[in-house]
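So this block is work14.cif, mmCIF, C-alpha atoms, pLDDT in the B column; chains and numbers go by the auth columns:
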```
data_input
loop_
_atom_site.group_PDB
_atom_site.id
_atom_site.type_symbol
_atom_site.label_atom_id
_atom_site.label_comp_id
_atom_site.label_asym_id
_atom_site.label_seq_id
_atom_site.Cartn_x
_atom_site.Cartn_y
_atom_site.Cartn_z
_atom_site.B_iso_or_equiv
_atom_site.auth_seq_id
_atom_site.auth_asym_id
ATOM 1 C CA MET A 1 107.555 122.486 93.139 81.00 1422 A
ATOM 2 C CA THR A 2 104.960 120.477 95.023 90.00 1423 A
ATOM 3 C CA PHE A 3 102.415 118.710 92.833 95.00 1424 A
ATOM 4 C CA ASP A 4 98.755 119.510 93.391 96.00 1425 A
ATOM 5 C CA TRP A 5 97.122 116.076 93.398 97.00 1426 A
ATOM 6 C CA ALA A 6 93.719 117.629 92.689 97.00 1427 A
ATOM 7 C CA GLU A 7 95.041 118.186 89.153 97.00 1428 A
ATOM 8 C CA TYR A 8 94.575 114.447 88.602 98.00 1429 A
ATOM 9 C CA LEU A 9 90.858 114.979 89.152 98.00 1430 A
ATOM 10 C CA THR A 10 90.890 117.846 86.654 98.00 1431 A
ATOM 11 C CA LEU A 11 92.606 115.540 84.158 97.00 1432 A
ATOM 12 C CA ALA A 12 90.119 112.759 84.887 98.00 1433 A
ATOM 13 C CA GLU A 13 87.201 115.092 84.246 98.00 1434 A
ATOM 14 C CA ALA A 14 88.754 116.248 80.957 97.00 1435 A
ATOM 15 C CA LEU A 15 89.379 112.675 79.830 96.00 1436 A
ATOM 16 C CA TYR A 16 85.791 111.718 80.560 96.00 1437 A
ATOM 17 C CA ALA A 17 84.289 114.870 79.024 96.00 1438 A
ATOM 18 C CA ASN A 18 86.309 114.346 75.838 94.00 1439 A
ATOM 19 C CA ARG A 19 86.178 110.544 75.745 93.00 1440 A
ATOM 20 C CA LYS A 20 84.576 110.538 72.286 91.00 1441 A
ATOM 21 C CA THR A 21 87.315 112.708 70.763 90.00 1442 A
ATOM 22 C CA PHE A 22 90.447 111.511 72.572 80.00 1443 A
ATOM 23 C CA SER A 23 91.958 108.116 71.879 74.00 1444 A
ATOM 24 C CA ASN A 24 89.640 105.209 72.590 90.00 1445 A
ATOM 25 C CA GLU A 25 86.456 105.905 74.568 93.00 1446 A
ATOM 26 C CA ALA A 26 86.983 102.989 76.963 94.00 1447 A
ATOM 27 C CA ALA A 27 90.640 103.939 77.484 95.00 1448 A
ATOM 28 C CA CYS A 28 89.616 107.488 78.411 96.00 1449 A
ATOM 29 C CA SER A 29 86.977 106.260 80.853 97.00 1450 A
ATOM 30 C CA ARG A 30 89.331 103.728 82.431 97.00 1451 A
ATOM 31 C CA SER A 31 92.063 106.348 82.766 97.00 1452 A
ATOM 32 C CA ALA A 32 89.582 108.811 84.276 98.00 1453 A
ATOM 33 C CA ILE A 33 88.579 106.226 86.893 98.00 1454 A
ATOM 34 C CA SER A 34 92.222 105.589 87.738 98.00 1455 A
ATOM 35 C CA ARG A 35 93.208 109.261 87.972 98.00 1456 A
ATOM 36 C CA ALA A 36 90.126 110.091 90.063 98.00 1457 A
ATOM 37 C CA TYR A 37 91.164 107.433 92.576 98.00 1458 A
ATOM 38 C CA TYR A 38 94.733 108.706 92.764 98.00 1459 A
ATOM 39 C CA ALA A 39 93.617 112.315 93.213 98.00 1460 A
ATOM 40 C CA ALA A 40 91.474 111.298 96.188 98.00 1461 A
ATOM 41 C CA TYR A 41 93.985 108.794 97.574 97.00 1462 A
ATOM 42 C CA MET A 42 96.990 111.132 97.473 97.00 1463 A
ATOM 43 C CA ILE A 43 95.106 113.992 99.136 97.00 1464 A
ATOM 44 C CA ALA A 44 93.787 111.544 101.743 97.00 1465 A
ATOM 45 C CA SER A 45 97.291 110.170 102.343 96.00 1466 A
ATOM 46 C CA GLN A 46 98.618 113.703 102.899 95.00 1467 A
ATOM 47 C CA LYS A 47 95.874 114.281 105.467 96.00 1468 A
ATOM 48 C CA ALA A 48 96.580 110.927 107.121 95.00 1469 A
ATOM 49 C CA LYS A 49 100.232 111.942 107.488 94.00 1470 A
ATOM 50 C CA THR A 50 99.271 115.249 109.110 94.00 1471 A
ATOM 51 C CA ASP A 51 97.050 113.201 111.441 93.00 1472 A
ATOM 52 C CA GLY A 52 100.198 111.358 112.534 92.00 1473 A
ATOM 53 C CA ILE A 53 99.851 108.163 110.508 89.00 1474 A
ATOM 54 C CA VAL A 54 103.197 106.745 109.398 87.00 1475 A
ATOM 55 C CA LEU A 55 102.894 105.271 105.928 86.00 1476 A
ATOM 56 C CA THR A 56 105.268 102.696 104.562 83.00 1477 A
ATOM 57 C CA ASN A 57 105.274 101.428 101.002 82.00 1478 A
ATOM 58 C CA ARG A 58 103.772 98.148 102.097 81.00 1479 A
ATOM 59 C CA GLU A 59 99.964 98.323 102.138 88.00 1480 A
ATOM 60 C CA GLN A 60 99.855 102.108 102.474 93.00 1481 A
ATOM 61 C CA HIS A 61 96.680 102.330 100.371 93.00 1482 A
ATOM 62 C CA LYS A 62 94.943 100.044 102.829 94.00 1483 A
ATOM 63 C CA ALA A 63 96.353 101.978 105.798 94.00 1484 A
ATOM 64 C CA VAL A 64 94.993 105.271 104.463 96.00 1485 A
ATOM 65 C CA ARG A 65 91.553 103.795 103.801 95.00 1486 A
ATOM 66 C CA ARG A 66 91.434 102.196 107.276 95.00 1487 A
ATOM 67 C CA HIS A 67 92.610 105.408 108.941 95.00 1488 A
ATOM 68 C CA PHE A 68 89.539 107.193 107.646 96.00 1489 A
ATOM 69 C CA ALA A 69 87.094 104.277 107.838 96.00 1490 A
ATOM 70 C CA ASN A 70 87.921 103.850 111.529 95.00 1491 A
ATOM 71 C CA GLY A 71 87.574 107.574 112.224 93.00 1492 A
ATOM 72 C CA THR A 72 85.433 108.819 115.052 91.00 1493 A
ATOM 73 C CA ASP A 73 83.276 111.131 112.943 93.00 1494 A
ATOM 74 C CA GLN A 74 80.968 110.603 109.991 96.00 1495 A
ATOM 75 C CA ASP A 75 83.094 112.701 107.600 96.00 1496 A
ATOM 76 C CA ARG A 76 86.161 110.508 108.122 95.00 1497 A
ATOM 77 C CA GLN A 77 84.120 107.325 107.838 97.00 1498 A
ATOM 78 C CA SER A 78 82.595 108.627 104.608 97.00 1499 A
ATOM 79 C CA ILE A 79 86.078 109.311 103.217 97.00 1500 A
ATOM 80 C CA GLY A 80 87.087 105.729 104.072 97.00 1501 A
ATOM 81 C CA ALA A 81 84.001 104.302 102.373 98.00 1502 A
ATOM 82 C CA TRP A 82 84.547 106.400 99.261 98.00 1503 A
ATOM 83 C CA LEU A 83 88.221 105.439 99.084 98.00 1504 A
ATOM 84 C CA ASP A 84 87.212 101.758 99.226 97.00 1505 A
ATOM 85 C CA ARG A 85 84.739 102.208 96.388 97.00 1506 A
ATOM 86 C CA LEU A 86 87.135 104.296 94.324 98.00 1507 A
ATOM 87 C CA GLN A 87 89.877 101.734 94.704 97.00 1508 A
ATOM 88 C CA ASP A 88 87.529 98.899 93.717 97.00 1509 A
ATOM 89 C CA ASN A 89 86.647 100.840 90.565 97.00 1510 A
ATOM 90 C CA ARG A 90 90.298 101.610 89.854 97.00 1511 A
ATOM 91 C CA LEU A 91 91.336 97.980 90.209 97.00 1512 A
ATOM 92 C CA GLN A 92 88.620 96.960 87.793 96.00 1513 A
ATOM 93 C CA ALA A 93 89.559 99.732 85.338 97.00 1514 A
ATOM 94 C CA ASP A 94 93.283 99.022 85.510 97.00 1515 A
ATOM 95 C CA TYR A 95 93.389 95.234 85.703 97.00 1516 A
ATOM 96 C CA THR A 96 90.381 93.597 84.046 96.00 1517 A
ATOM 97 C CA ASP A 97 89.701 92.992 80.383 96.00 1518 A
ATOM 98 C CA GLU A 98 85.965 93.507 80.812 93.00 1519 A
ATOM 99 C CA ILE A 99 84.272 95.927 83.171 92.00 1520 A
ATOM 100 C CA THR A 100 81.188 94.546 84.861 86.00 1521 A
ATOM 101 C CA GLY A 101 78.333 97.001 84.624 89.00 1522 A
ATOM 102 C CA ASN A 102 78.165 100.337 82.867 94.00 1523 A
ATOM 103 C CA ILE A 103 81.540 102.035 82.450 95.00 1524 A
ATOM 104 C CA ASP A 104 79.924 105.477 82.092 95.00 1525 A
ATOM 105 C CA SER A 105 78.159 105.075 85.428 97.00 1526 A
ATOM 106 C CA MET A 106 81.336 103.783 87.049 97.00 1527 A
ATOM 107 C CA THR A 107 83.285 106.744 85.721 97.00 1528 A
ATOM 108 C CA GLN A 108 80.693 109.261 86.905 98.00 1529 A
ATOM 109 C CA VAL A 109 80.590 107.659 90.360 98.00 1530 A
ATOM 110 C CA SER A 110 84.390 107.752 90.541 98.00 1531 A
ATOM 111 C CA LEU A 111 84.542 111.418 89.569 98.00 1532 A
ATOM 112 C CA GLN A 112 81.817 112.347 92.050 98.00 1533 A
ATOM 113 C CA GLY A 113 83.371 110.239 94.799 98.00 1534 A
ATOM 114 C CA ALA A 114 86.812 111.766 94.333 98.00 1535 A
ATOM 115 C CA LYS A 115 85.281 115.255 94.516 98.00 1536 A
ATOM 116 C CA LYS A 116 83.477 114.317 97.740 98.00 1537 A
ATOM 117 C CA VAL A 117 86.663 112.959 99.302 98.00 1538 A
ATOM 118 C CA ILE A 118 88.652 116.069 98.401 98.00 1539 A
ATOM 119 C CA GLU A 119 85.920 118.473 99.544 97.00 1540 A
ATOM 120 C CA THR A 120 85.461 116.609 102.821 97.00 1541 A
ATOM 121 C CA ILE A 121 89.189 116.584 103.544 96.00 1542 A
ATOM 122 C CA LYS A 122 89.321 120.341 102.925 95.00 1543 A
ATOM 123 C CA ARG A 123 86.611 120.769 105.556 93.00 1544 A
ATOM 124 C CA LEU A 124 88.642 118.711 108.048 90.00 1545 A
ATOM 125 C CA THR A 125 91.732 120.899 107.814 68.00 1546 A
#
```

Would you write the structure of this file as structure tokens?
Amino acid sequence: MTFDWAEYLTLAEALYANRKTFSNEAACSRSAISRAYYAAYMIASQKAKTDGIVLTNREQHKAVRRHFANGTDQDRQSIGAWLDRLQDNRLQADYTDEITGNIDSMTQVSLQGAKKVIETIKRLT
């Protein structure tokens, strides 16, 4: 059975909505940021493959982001910009001890950005 990567966004939204009742609030927010990125990234990588991009394990995240950022239309460029921002947030959430800025705002931006990426990709296909 093929996995629906949009389910990661559903999970991210649930983690954020229930962050005060699940586990640790910061852990829920950080996990939501990470899952939102992967929902958007995996759907974008599937689209990049259908566009003819060959992805290898080495630097494939960068290749997907560049594929869209260098696109000829505003929708693709917007996807690339959002993927950059989402990955920046994910790296901070997954690898730093302290998040700079407001984690709630970062989480909300990540959830909104992932939704925009997914919705825009659906319009492209």

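From CA of Ile1500 in chain A back to CA of Asp1518 in chain A, the distance works out to 28.3 Å.
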
Test item: the PyMOL selection byres ((chain A and resi 1536) around 9) resolved as a ChimeraX atom specification: /A:1427,1430,1457,1460-1461,1531-1535,1537-1541

Picked residues, the PyMOL selection byres ((chain A and resi 1464-1478) around 12), as a ChimeraX atom specification: /A:1424-1430,1457-1463,1479-1490,1492,1497,1499-1501,1503-1504,1535-1546

Quick one: apply the PyMOL selection byres ((chain A and resi 1520) around 12) to the file and drop the selected residues here as a VMD selection string. chain A and resid 1447 to 1448 1450 to 1451 1454 1509 to 1519 1521 to 1528

Starting from 6 Å padding per side, set up an axis-aligned box that covers all listed atoms of range 1426-1440 of chain A and hand over centre and edge lengths in Å, one decimal, as AutoDock Vina command-line options.
```
--center_x 90.7 --center_y 114.4 --center_z 84.6 --size_x 24.8 --size_y 19.6 --size_z 29.7
```

So how many Å separate CA of Asn1439 in chain A and CA of Ala1453 in chain A, to one decimal? 10.6 Å

CA of Gln1508 in chain A to CA of Glu1446 in chain A, straight-line distance in Å: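 Computing it gives 20.8 Å between the two atoms.
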